[in-house]
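Structure data (mmCIF, C-alpha atoms) from target36.cif:
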```
data_run
loop_
_atom_site.label_atom_id
_atom_site.label_comp_id
_atom_site.auth_asym_id
_atom_site.auth_seq_id
_atom_site.Cartn_x
_atom_site.Cartn_y
_atom_site.Cartn_z
CA MET E 1 -3.37 21.42 -7.40
CA LEU E 2 -0.88 23.82 -8.96
CA TYR E 3 2.41 22.66 -10.42
CA ASP E 4 5.40 24.79 -9.39
CA GLU E 5 8.47 24.32 -11.60
CA ARG E 6 10.70 25.29 -8.69
CA ILE E 7 9.63 22.20 -6.72
CA GLY E 8 10.74 18.84 -8.05
CA VAL E 9 9.01 16.58 -5.54
CA SER E 10 6.20 16.89 -3.01
CA ILE E 11 6.56 14.39 -0.16
CA VAL E 12 3.20 13.37 1.28
CA CYS E 13 3.08 12.20 4.92
CA VAL E 14 0.30 11.21 7.30
CA SER E 15 0.74 10.68 11.02
CA TYR E 16 -1.29 9.70 14.05
CA ASN E 17 0.14 9.00 17.51
CA HIS E 18 3.64 8.45 16.11
CA GLU E 19 5.62 10.33 18.76
CA LYS E 20 8.12 7.43 19.04
CA TYR E 21 8.83 7.44 15.31
CA ILE E 22 8.04 10.81 13.76
CA ALA E 23 11.43 12.45 14.40
CA LYS E 24 13.29 9.62 12.64
CA MET E 25 10.90 9.84 9.71
CA LEU E 26 11.34 13.61 9.36
CA ASP E 27 15.12 13.38 9.74
CA SER E 28 15.23 10.84 6.89
CA LEU E 29 13.33 13.25 4.65
CA ILE E 30 15.27 16.35 5.58
CA CYS E 31 18.65 14.75 4.83
CA GLN E 32 17.85 14.02 1.17
CA ARG E 33 20.56 15.24 -1.22
CA THR E 34 18.96 16.60 -4.38
CA THR E 35 19.65 18.95 -7.27
CA PHE E 36 16.07 20.23 -7.00
CA ASN E 37 13.83 21.74 -4.34
CA TYR E 38 11.26 19.62 -2.58
CA GLU E 39 8.52 20.08 0.01
CA ILE E 40 7.24 17.96 2.90
CA LEU E 41 3.44 18.01 3.25
CA ILE E 42 2.54 16.40 6.55
CA HIS E 43 -0.95 15.90 7.93
CA ASP E 44 -1.42 14.87 11.55
CA ASP E 45 -4.88 13.55 12.35
CA ALA E 46 -5.31 14.99 15.87
CA SER E 47 -2.75 12.83 17.62
CA THR E 48 -3.34 12.46 21.36
CA ASP E 49 0.36 12.06 22.20
CA ASN E 50 3.26 14.45 21.50
CA THR E 51 3.39 13.91 17.73
CA GLN E 52 2.08 17.39 16.88
CA GLN E 53 4.54 19.10 19.20
CA ILE E 54 7.44 17.29 17.51
CA ILE E 55 6.14 18.19 14.04
CA SER E 56 5.75 21.83 15.09
CA ARG E 57 9.34 21.91 16.32
CA TYR E 58 10.63 20.60 12.98
CA ALA E 59 8.36 22.95 11.00
CA LYS E 60 9.73 25.91 12.95
CA ALA E 61 13.31 24.80 12.20
CA TYR E 62 12.59 24.17 8.48
CA PRO E 63 9.72 26.57 7.57
CA GLN E 64 10.43 26.53 3.80
CA LEU E 65 10.54 22.75 3.70
CA ILE E 66 7.95 21.37 6.13
CA LYS E 67 4.32 22.41 5.64
CA PRO E 68 2.14 20.83 8.33
CA ILE E 69 -1.59 20.52 8.87
CA LEU E 70 -2.29 19.72 12.52
CA GLN E 71 -5.89 18.69 13.09
CA THR E 72 -7.74 19.26 16.35
CA GLU E 73 -10.40 16.68 15.44
CA ASN E 74 -9.72 13.26 13.94
CA GLN E 75 -10.72 13.28 10.26
CA TYR E 76 -10.31 9.59 9.47
CA SER E 77 -13.00 8.69 12.04
CA LYS E 78 -15.36 10.95 10.07
CA GLY E 79 -14.72 8.97 6.89
CA ILE E 80 -12.37 11.61 5.48
CA ASN E 81 -9.22 10.50 3.66
CA PRO E 82 -6.44 12.85 4.86
CA ASN E 83 -4.34 12.56 1.72
CA MET E 84 -7.20 13.04 -0.74
CA THR E 85 -8.75 15.90 1.20
CA PHE E 86 -5.79 17.74 2.72
CA ASN E 87 -2.44 16.66 1.22
CA TYR E 88 -2.96 16.00 -2.49
CA PRO E 89 -4.72 19.36 -3.20
CA ARG E 90 -1.63 21.27 -2.02
CA VAL E 91 0.95 19.26 -3.98
CA GLN E 92 3.12 21.61 -6.06
CA GLY E 93 5.89 19.27 -7.21
CA LYS E 94 6.36 17.52 -10.52
CA TYR E 95 6.41 14.18 -8.68
CA VAL E 96 4.88 12.85 -5.47
CA ALA E 97 6.72 10.64 -2.94
CA PHE E 98 5.31 9.09 0.22
CA CYS E 99 6.30 8.26 3.78
CA GLU E 100 4.00 7.54 6.71
CA GLY E 101 4.79 8.72 10.22
CA ASP E 102 6.09 5.40 11.55
CA ASP E 103 8.23 4.51 8.51
CA TYR E 104 11.42 6.19 7.25
CA TRP E 105 13.76 6.45 4.29
CA ALA E 106 17.11 4.68 4.45
CA ASN E 107 19.11 6.37 1.69
CA PRO E 108 19.82 10.11 1.29
CA GLU E 109 19.94 9.59 -2.50
CA LYS E 110 16.42 8.11 -2.71
CA LEU E 111 14.64 11.17 -4.13
CA GLN E 112 17.42 12.02 -6.57
CA SER E 113 17.61 8.44 -7.85
CA GLN E 114 13.88 8.17 -8.48
CA PHE E 115 13.70 11.66 -9.98
CA GLU E 116 16.42 10.84 -12.51
CA ILE E 117 14.79 7.51 -13.40
CA MET E 118 11.44 9.12 -14.12
CA GLU E 119 13.02 11.95 -16.10
CA THR E 120 14.76 9.45 -18.39
CA HIS E 121 11.83 6.97 -18.64
CA PRO E 122 8.78 9.03 -19.67
CA LYS E 123 6.74 5.87 -20.42
CA CYS E 124 6.90 4.86 -16.75
CA SER E 125 4.19 6.30 -14.54
CA ILE E 126 5.54 5.07 -11.21
CA CYS E 127 8.94 4.21 -9.74
CA VAL E 128 9.46 1.88 -6.76
CA HIS E 129 12.37 0.32 -4.90
CA GLU E 130 13.20 -2.35 -2.37
CA THR E 131 12.02 -1.78 1.21
CA GLN E 132 13.41 -3.38 4.38
CA CYS E 133 10.93 -4.33 7.08
CA VAL E 134 11.88 -3.53 10.66
CA SER E 135 10.41 -4.32 14.07
CA PRO E 136 8.64 -1.59 16.10
CA ASP E 137 11.98 -0.80 17.76
CA GLY E 138 13.73 -0.48 14.39
CA GLU E 139 15.55 -3.82 14.18
CA PRO E 140 15.69 -5.37 10.67
CA ILE E 141 13.61 -8.52 10.21
CA ARG E 142 13.59 -11.10 7.42
CA GLN E 143 10.67 -9.65 5.51
CA LYS E 144 11.28 -7.32 2.56
CA PHE E 145 9.38 -5.74 -0.30
CA PRO E 146 9.12 -7.05 -2.92
CA PRO E 147 8.50 -10.48 -1.32
CA ILE E 148 9.91 -12.27 -4.37
CA ASN E 149 12.98 -11.81 -6.54
CA VAL E 150 12.18 -9.37 -9.34
CA LYS E 151 14.63 -9.40 -12.23
CA GLU E 152 13.20 -6.76 -14.54
CA HIS E 153 13.83 -3.06 -14.01
CA ILE E 154 10.75 -2.08 -16.00
CA ILE E 155 7.70 -4.03 -14.83
CA GLU E 156 5.01 -3.79 -17.47
CA LYS E 157 1.50 -2.93 -16.29
CA ARG E 158 0.04 -6.38 -16.98
CA ARG E 159 2.91 -8.09 -15.20
CA TYR E 160 2.52 -5.88 -12.13
CA LEU E 161 -1.22 -6.63 -11.98
CA GLU E 162 -0.51 -10.35 -12.24
CA TYR E 163 1.80 -10.13 -9.22
CA GLU E 164 -0.82 -8.31 -7.15
CA LEU E 165 -4.10 -9.81 -8.36
CA LYS E 166 -3.29 -13.34 -9.44
CA ARG E 167 -0.45 -14.22 -7.10
CA GLY E 168 -1.83 -12.18 -4.23
CA LEU E 169 1.49 -10.49 -3.51
CA TRP E 170 1.88 -7.13 -1.80
CA MET E 171 4.73 -6.16 -4.07
CA PHE E 172 5.97 -2.76 -2.94
CA GLN E 173 5.56 -0.61 0.13
CA THR E 174 4.13 2.91 0.22
CA SER E 175 7.43 4.48 1.26
CA SER E 176 8.90 3.43 -2.11
CA TYR E 177 6.21 4.96 -4.35
CA PHE E 178 7.21 7.85 -6.63
CA ILE E 179 4.43 8.98 -8.98
CA ARG E 180 3.95 11.77 -11.52
CA SER E 181 1.83 14.50 -9.93
CA GLU E 182 -0.50 14.83 -12.92
CA ILE E 183 -1.55 11.22 -12.29
CA ILE E 184 -2.37 12.04 -8.67
CA ARG E 185 -4.34 15.04 -9.95
CA ASN E 186 -6.33 12.81 -12.32
CA TYR E 187 -6.77 10.21 -9.58
CA MET E 188 -8.37 12.83 -7.34
CA SER E 189 -10.71 14.05 -10.08
CA ASN E 190 -11.73 10.84 -11.82
CA TYR E 191 -11.72 7.99 -9.32
CA ASN E 192 -13.85 7.32 -6.24
CA ASN E 193 -12.00 4.72 -4.18
CA GLN E 194 -14.13 1.73 -3.15
CA TYR E 195 -11.23 -0.22 -1.63
CA PRO E 196 -10.68 -0.43 2.16
CA VAL E 197 -7.09 0.72 1.55
CA GLY E 198 -5.82 3.72 -0.39
CA ASP E 199 -2.47 2.58 -1.76
CA MET E 200 -3.59 -0.29 -4.00
CA PRO E 201 -6.04 1.65 -6.20
CA MET E 202 -3.61 4.57 -6.42
CA VAL E 203 -0.95 2.26 -7.87
CA PHE E 204 -3.46 0.47 -10.12
CA TYR E 205 -4.59 3.87 -11.37
CA ALA E 206 -1.02 4.98 -12.04
CA LEU E 207 -0.44 1.83 -14.08
CA GLN E 208 -3.19 2.90 -16.47
CA TYR E 209 -0.76 5.63 -17.62
CA GLY E 210 2.41 3.59 -18.00
CA ASP E 211 4.69 0.91 -16.62
CA CYS E 212 6.58 0.68 -13.34
CA TYR E 213 10.34 1.13 -12.90
CA TYR E 214 11.88 -0.96 -10.11
CA ILE E 215 15.16 -0.05 -8.42
CA PRO E 216 16.59 -3.19 -6.70
CA ARG E 217 18.11 -1.28 -3.79
CA VAL E 218 16.84 -0.77 -0.23
CA MET E 219 15.98 2.90 0.18
CA SER E 220 13.24 2.85 2.83
CA CYS E 221 12.13 0.94 5.92
CA TYR E 222 8.63 -0.22 6.82
CA ARG E 223 7.86 -0.60 10.51
CA THR E 224 5.68 -3.68 11.11
CA GLN E 225 3.13 -4.17 13.89
CA SER E 226 2.89 -0.47 14.66
CA GLY E 227 -0.82 -0.11 13.96
CA GLY E 228 -2.89 0.57 10.83
CA VAL E 229 -5.49 -1.33 8.84
CA MET E 230 -3.52 -4.49 8.13
CA SER E 231 -2.42 -5.06 11.72
CA SER E 232 -6.06 -4.89 12.93
CA LEU E 233 -7.24 -7.79 10.79
CA ASN E 234 -6.76 -10.57 13.34
CA ASN E 235 -10.44 -10.22 14.26
CA ARG E 236 -12.57 -12.66 12.26
CA ARG E 237 -15.51 -10.28 11.75
CA LYS E 238 -13.27 -7.38 10.68
CA HIS E 239 -11.33 -9.66 8.35
CA ILE E 240 -14.52 -10.82 6.63
CA GLN E 241 -15.64 -7.20 6.18
CA PHE E 242 -12.20 -6.33 4.77
CA GLN E 243 -12.34 -9.19 2.23
CA LYS E 244 -15.83 -8.14 1.11
CA LYS E 245 -14.65 -4.55 0.66
CA MET E 246 -11.70 -5.78 -1.41
CA ILE E 247 -14.12 -7.61 -3.72
CA GLU E 248 -16.20 -4.44 -4.09
CA GLY E 249 -13.03 -2.49 -4.85
CA HIS E 250 -11.92 -4.94 -7.54
CA GLN E 251 -15.34 -4.93 -9.18
CA ASN E 252 -15.51 -1.15 -9.17
CA PHE E 253 -11.99 -0.66 -10.55
CA ASP E 254 -12.54 -3.38 -13.18
CA ALA E 255 -15.62 -1.54 -14.43
CA LYS E 256 -13.87 1.85 -14.25
CA THR E 257 -11.11 0.56 -16.54
CA ARG E 258 -13.62 -0.99 -18.97
CA TYR E 259 -12.71 -4.59 -18.06
CA VAL E 260 -9.37 -4.46 -19.89
CA ASP E 261 -7.84 -6.80 -17.29
CA HIS E 262 -11.07 -8.51 -16.25
CA ASP E 263 -9.55 -11.99 -15.96
CA LEU E 264 -7.08 -10.77 -13.33
CA PHE E 265 -9.64 -8.85 -11.29
CA GLU E 266 -12.08 -11.77 -11.45
CA TYR E 267 -9.37 -14.14 -10.23
CA ALA E 268 -8.61 -11.79 -7.31
CA GLU E 269 -12.30 -11.70 -6.40
CA LYS E 270 -12.34 -15.50 -6.22
CA ARG E 271 -9.30 -15.47 -3.91
CA HIS E 272 -11.09 -13.15 -1.53
CA GLU E 273 -14.24 -15.27 -1.71
CA VAL E 274 -12.20 -18.32 -0.67
CA SER E 275 -10.74 -16.34 2.23
CA ILE E 276 -14.27 -15.47 3.37
CA LEU E 277 -15.38 -19.11 3.13
CA LEU E 278 -12.39 -20.14 5.26
CA LEU E 279 -13.25 -17.51 7.85
CA GLU E 280 -16.87 -18.64 7.85
CA LYS E 281 -15.83 -22.34 8.14
CA LYS E 282 -17.68 -23.19 4.90
CA TYR E 283 -15.02 -25.58 3.64
CA ARG E 284 -17.32 -27.67 1.44
CA LYS E 285 -18.18 -24.63 -0.70
CA ILE E 286 -14.50 -24.16 -1.54
CA ALA E 287 -14.69 -27.39 -3.54
CA ALA E 288 -17.06 -25.72 -6.03
CA PRO E 289 -15.90 -25.61 -9.69
CA ARG E 290 -15.65 -21.80 -9.46
CA TYR E 291 -12.60 -22.16 -7.19
CA LYS E 292 -10.83 -24.98 -9.01
CA GLU E 293 -7.95 -22.79 -10.26
CA ILE E 294 -7.53 -21.23 -6.81
CA LEU E 295 -7.31 -24.68 -5.20
CA ASN E 296 -4.83 -25.92 -7.79
CA ARG E 297 -2.45 -23.08 -6.89
CA MET E 298 -2.62 -23.73 -3.15
CA SER E 299 0.14 -25.43 -1.18
CA VAL E 300 -0.25 -29.06 -0.10
CA LYS E 301 -0.61 -27.95 3.53
CA ARG E 302 -3.37 -25.50 2.62
CA LYS E 303 -5.25 -28.14 0.65
CA ALA E 304 -4.92 -30.56 3.56
CA ILE E 305 -6.55 -28.08 5.95
CA ILE E 306 -9.45 -27.57 3.51
CA MET E 307 -9.86 -31.33 3.14
CA LEU E 308 -9.90 -31.69 6.93
CA GLY E 309 -12.50 -28.93 7.10
CA TYR E 310 -14.65 -30.81 4.60
CA PHE E 311 -15.27 -33.45 7.27
CA PHE E 312 -14.23 -31.73 10.52
CA PRO E 313 -14.75 -27.95 10.13
CA GLU E 314 -14.09 -27.07 13.78
CA ARG E 315 -10.73 -28.85 13.77
CA ALA E 316 -9.67 -27.13 10.56
CA ASP E 317 -10.80 -23.79 11.91
CA LYS E 318 -8.72 -24.32 15.05
CA LEU E 319 -5.64 -24.81 12.85
CA GLU E 320 -6.49 -21.69 10.85
CA ARG E 321 -6.92 -19.63 14.00
CA PHE E 322 -3.59 -20.86 15.30
CA ARG E 323 -1.88 -20.13 11.99
CA HIS E 324 -3.27 -16.60 11.56
CA GLY E 325 -3.87 -15.58 15.17
CA TRP E 326 -7.54 -14.85 14.52
CA SER E 327 -9.84 -13.80 17.33
CA GLU E 328 -13.60 -13.89 17.18
#
```

In structure tokens, write the structure found in this file.
Amino acid sequence: MLYDERIGVSIVCVSYNHEKYIAKMLDSLICQRTTFNYEILIHDDASTDNTQQIISRYAKAYPQLIKPILQTENQYSKGINPNMTFNYPRVQGKYVAFCEGDDYWANPEKLQSQFEIMETHPKCSICVHETQCVSPDGEPIRQKFPPINVKEHIIEKRRYLEYELKRGLWMFQTSSYFIRSEIIRNYMSNYNNQYPVGDMPMVFYALQYGDCYYIPRVMSCYRTQSGGVMSSLNNRRKHIQFQKKMIEGHQNFDAKTRYVDHDLFEYAEKRHEVSILLLEKKYRKIAAPRYKEILNRMSVKRKAIIMLGYFFPERADKLERFRHGWSE
């Protein structure tokens, strides 16, 4: 990965069968107004629809800006991470921004705003902003990132980890991330991701180098229910496997960072263990002393379902399946 002073930001994109969305995503990147040069590094993982043809058309129109890799064989199915293997090694910018093929940016000043913030706050390793969630057809819905009201502009590392690990909140969306490229370089060289997702450890890793700056302004949109890992977790078996992988990821990252925030990672592991017990209908085990703090933080409704499951596990499971839409 070579840093080029002429390029301020490298935008990393991945796509797969996004023909309905990819043009809007690329348009939102192309229209950015900046005082610096930037590049768009897009990797398409052998889409079977017209995604690659659309990307090729844009790359031909903007050859200095858009730098595509168009696979003929799907890499993800081979266990290859497209960003780690194909996108990150060709980053030349001082900073890295992100946008997946079905999402898009909603403000032409996004890159400039985040660039200026990071230039004036050298102790921050990552910058994020508010993200609006939209339906598959692009209509705004009630959900936003962050899911709670955040007052501080600078979120200290420990505070950010508390949001994610202790409160179980998915705080910010990938399309808002803006990270120093040297951190991505170190991430590639020094960390072997054990999580079932790539974004969480990348952010956790960035926080080892500094705090997070939050801009309370919507500058990107996240398209829900358009595929991906999270939308496939309505299957009970897959959800259990996902929770177990999350525990492995937490344990690995905790050890990698020399247990500096062990209490938070251990708490997160317990949350995932409770989720597994719920999925396995083992309600009585949730009453163990190990999960006392987890239970105390649960809502009254959640506690009532667990109590019902203590005596009538099938009835409680029926409520859980209805609530989450689980299939077997």

| said: Counting only C-alpha atoms, which residue out of E:Ile215, E:Ile40, E:Leu26, E:Ala288 sits closest to E:Ala97? | reply: E:Ile40

| request: Determine, counting all atoms listed in the file, which protein, DNA and RNA residues have an atom within 9 Å of an atom of E:Arg217; residues of the same chain fewer than 4 positions away are not included. Present the result as a PyMOL selection string. | output: chain E and resi 129-131

| Residues matched by the PyMOL selection byres ((chain E and resi 71) around 12) as a VMD selection string | chain E and resid 14 to 16 42 to 48 51 to 52 68 to 70 72 to 76 82 86

| query | Excluding same-chain residues fewer than 5 positions from E:Asp103, what lies within 12 Å of it counting all atoms listed in the file, as a VMD selection string? | reply | chain E and resid 13 to 15 18 20 to 29 98 131 to 138 173 to 176 219 to 227

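Our summary of the geometry notes that atom CA of E:Lys318 is positioned 23.3 Å from atom CA of E:Lys270.
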
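Here atom CA of E:Leu65 stands at a distance of 8.2 Å from atom CA of E:Ile30.
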
| task | Can you work out the spacing between atom CA of E:Ile247 and atom CA of E:Leu279 in Å, to one decimal? | result |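 So the two atoms, atom CA of E:Ile247 and atom CA of E:Leu279, lie 15.3 Å apart.
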
| said: When you look at stretch 257-262 of chain E with a cut-off of 12 Å (counting only C-alpha atoms), what residues show up, excluding the ones that are within fewer than 5 positions of it in the same chain? I need them as a list of chain:residue names. | reply: E:Lys157, E:Arg158, E:Arg159, E:Tyr160, E:Leu161, E:Glu162, E:Leu165, E:Lys166, E:Asn190, E:Tyr191, E:Pro201, E:Phe204, E:Tyr205, E:Ala206, E:Leu207, E:Gln208, E:Tyr209, E:His250, E:Gln251, E:Asn252, E:Tyr267, E:Ala268, E:Glu269

| said: So, with all atoms listed in the file as the atoms that count, which of E:Val12, E:Ile276, E:Val96, E:Leu111 lies closest to E:Lys238? | reply: E:Ile276

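Summary of the local environment: counting only C-alpha atoms, residues at most 9 Å from E:Val203, other than itself and those fewer than 5 positions away along its chain, are Ile126, Tyr177, Ile179 and Gln208 of chain E.
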
| task | Can you turn the PyMOL selection byres ((chain E and resi 213) around 6) into a concrete residue list for this file, as a PyMOL selection string? | result | chain E and resi 127+153-154+212+214

| Residue nearest E:Lys110 among E:Ala316, E:Val218, E:Val197, E:Val300 (counting only C-alpha atoms) |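 Ranking E:Ala316, E:Val218, E:Val197, E:Val300 by distance to E:Lys110, first place goes to E:Val218.
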
Long-range neighbours of E:Glu273 as a CSV table (one decimal) with C-alpha atoms, in the coordinates of the input, 12 Å cut-off, only C-alpha atoms, 3 positions minimum in chain:
```
chain,number,residue,atom,x,y,z
E,239,HIS,CA,-11.3,-9.7,8.4
E,240,ILE,CA,-14.5,-10.8,6.6
E,241,GLN,CA,-15.6,-7.2,6.2
E,242,PHE,CA,-12.2,-6.3,4.8
E,243,GLN,CA,-12.3,-9.2,2.2
E,244,LYS,CA,-15.8,-8.1,1.1
E,245,LYS,CA,-14.6,-4.6,0.7
E,246,MET,CA,-11.7,-5.8,-1.4
E,247,ILE,CA,-14.1,-7.6,-3.7
E,248,GLU,CA,-16.2,-4.4,-4.1
E,266,GLU,CA,-12.1,-11.8,-11.4
E,267,TYR,CA,-9.4,-14.1,-10.2
E,268,ALA,CA,-8.6,-11.8,-7.3
E,269,GLU,CA,-12.3,-11.7,-6.4
E,270,LYS,CA,-12.3,-15.5,-6.2
E,276,ILE,CA,-14.3,-15.5,3.4
E,277,LEU,CA,-15.4,-19.1,3.1
E,278,LEU,CA,-12.4,-20.1,5.3
E,279,LEU,CA,-13.2,-17.5,7.8
E,280,GLU,CA,-16.9,-18.6,7.8
E,282,LYS,CA,-17.7,-23.2,4.9
E,283,TYR,CA,-15.0,-25.6,3.6
E,285,LYS,CA,-18.2,-24.6,-0.7
E,286,ILE,CA,-14.5,-24.2,-1.5
E,288,ALA,CA,-17.1,-25.7,-6.0
E,290,ARG,CA,-15.6,-21.8,-9.5
E,291,TYR,CA,-12.6,-22.2,-7.2
E,294,ILE,CA,-7.5,-21.2,-6.8
```

| task | Measuring atom to atom with all atoms listed in the file, identify which of E:Ala106, E:Leu169, E:Val9, E:Met200 is nearest to E:Phe36. | result |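 The shortest atom-to-atom distance to E:Phe36 comes from E:Val9.
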
| message | Could you check the closest approach to E:Cys99 for each of E:Met188, E:Leu41, E:Ile141, E:Met171 and tell me which residue wins, using only C-alpha atoms? | response |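 Using only C-alpha atoms, E:Cys99 sits closest to E:Leu41.
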
| task | Step by step, work through what the PyMOL selection byres ((chain E and resi 305) around 12) selects in the shown file, and finish by giving those residues as a PyMOL selection string. | result | chain E and resi 278+281+283-284+286+295+298-304+306-321+323

| query | Pick the closest to E:Met202 from E:Ile55, E:Phe145, E:Met84, E:Lys94: which is it, counting all atoms listed in the file? | reply |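 Distance minimum relative to E:Met202 lands on E:Met84.
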
Please rebuild stretch 179-192 of chain E with N, CA, C and O atoms and give the result as a compact mmCIF listing (two decimals), in the coordinates of the input.
```txt
# COMPACT_ATOMS: atom_id res chain seq x y z
N ILE E 179 5.43 8.91 -7.92
CA ILE E 179 4.43 8.98 -8.98
C ILE E 179 4.37 10.39 -9.57
O ILE E 179 4.54 11.39 -8.85
N ARG E 180 4.11 10.47 -10.86
CA ARG E 180 3.95 11.77 -11.52
C ARG E 180 2.73 12.50 -10.93
O ARG E 180 1.66 11.91 -10.78
N SER E 181 2.89 13.77 -10.63
CA SER E 181 1.83 14.50 -9.93
C SER E 181 0.57 14.66 -10.78
O SER E 181 -0.54 14.73 -10.23
N GLU E 182 0.71 14.70 -12.11
CA GLU E 182 -0.50 14.83 -12.92
C GLU E 182 -1.39 13.59 -12.80
O GLU E 182 -2.61 13.66 -12.95
N ILE E 183 -0.76 12.44 -12.50
CA ILE E 183 -1.55 11.22 -12.29
C ILE E 183 -2.32 11.31 -10.97
O ILE E 183 -3.49 10.93 -10.90
N ILE E 184 -1.68 11.83 -9.94
CA ILE E 184 -2.37 12.04 -8.67
C ILE E 184 -3.52 13.02 -8.86
O ILE E 184 -4.62 12.86 -8.30
N ARG E 185 -3.30 14.05 -9.67
CA ARG E 185 -4.34 15.04 -9.95
C ARG E 185 -5.54 14.36 -10.63
O ARG E 185 -6.70 14.58 -10.25
N ASN E 186 -5.25 13.52 -11.63
CA ASN E 186 -6.33 12.81 -12.32
C ASN E 186 -7.02 11.81 -11.39
O ASN E 186 -8.23 11.61 -11.46
N TYR E 187 -6.23 11.18 -10.55
CA TYR E 187 -6.77 10.21 -9.58
C TYR E 187 -7.79 10.89 -8.65
O TYR E 187 -8.86 10.34 -8.38
N MET E 188 -7.45 12.07 -8.20
CA MET E 188 -8.37 12.83 -7.34
C MET E 188 -9.66 13.18 -8.06
O MET E 188 -10.75 13.12 -7.48
N SER E 189 -9.55 13.54 -9.33
CA SER E 189 -10.71 14.05 -10.08
C SER E 189 -11.60 12.95 -10.65
O SER E 189 -12.82 13.14 -10.75
N ASN E 190 -10.99 11.82 -11.01
CA ASN E 190 -11.73 10.84 -11.82
C ASN E 190 -12.01 9.51 -11.15
O ASN E 190 -12.67 8.66 -11.76
N TYR E 191 -11.52 9.31 -9.92
CA TYR E 191 -11.72 7.99 -9.32
C TYR E 191 -12.22 8.11 -7.89
O TYR E 191 -11.66 8.84 -7.08
N ASN E 192 -13.29 7.38 -7.59
CA ASN E 192 -13.85 7.32 -6.24
C ASN E 192 -13.49 5.97 -5.63
O ASN E 192 -14.05 4.95 -6.00
```
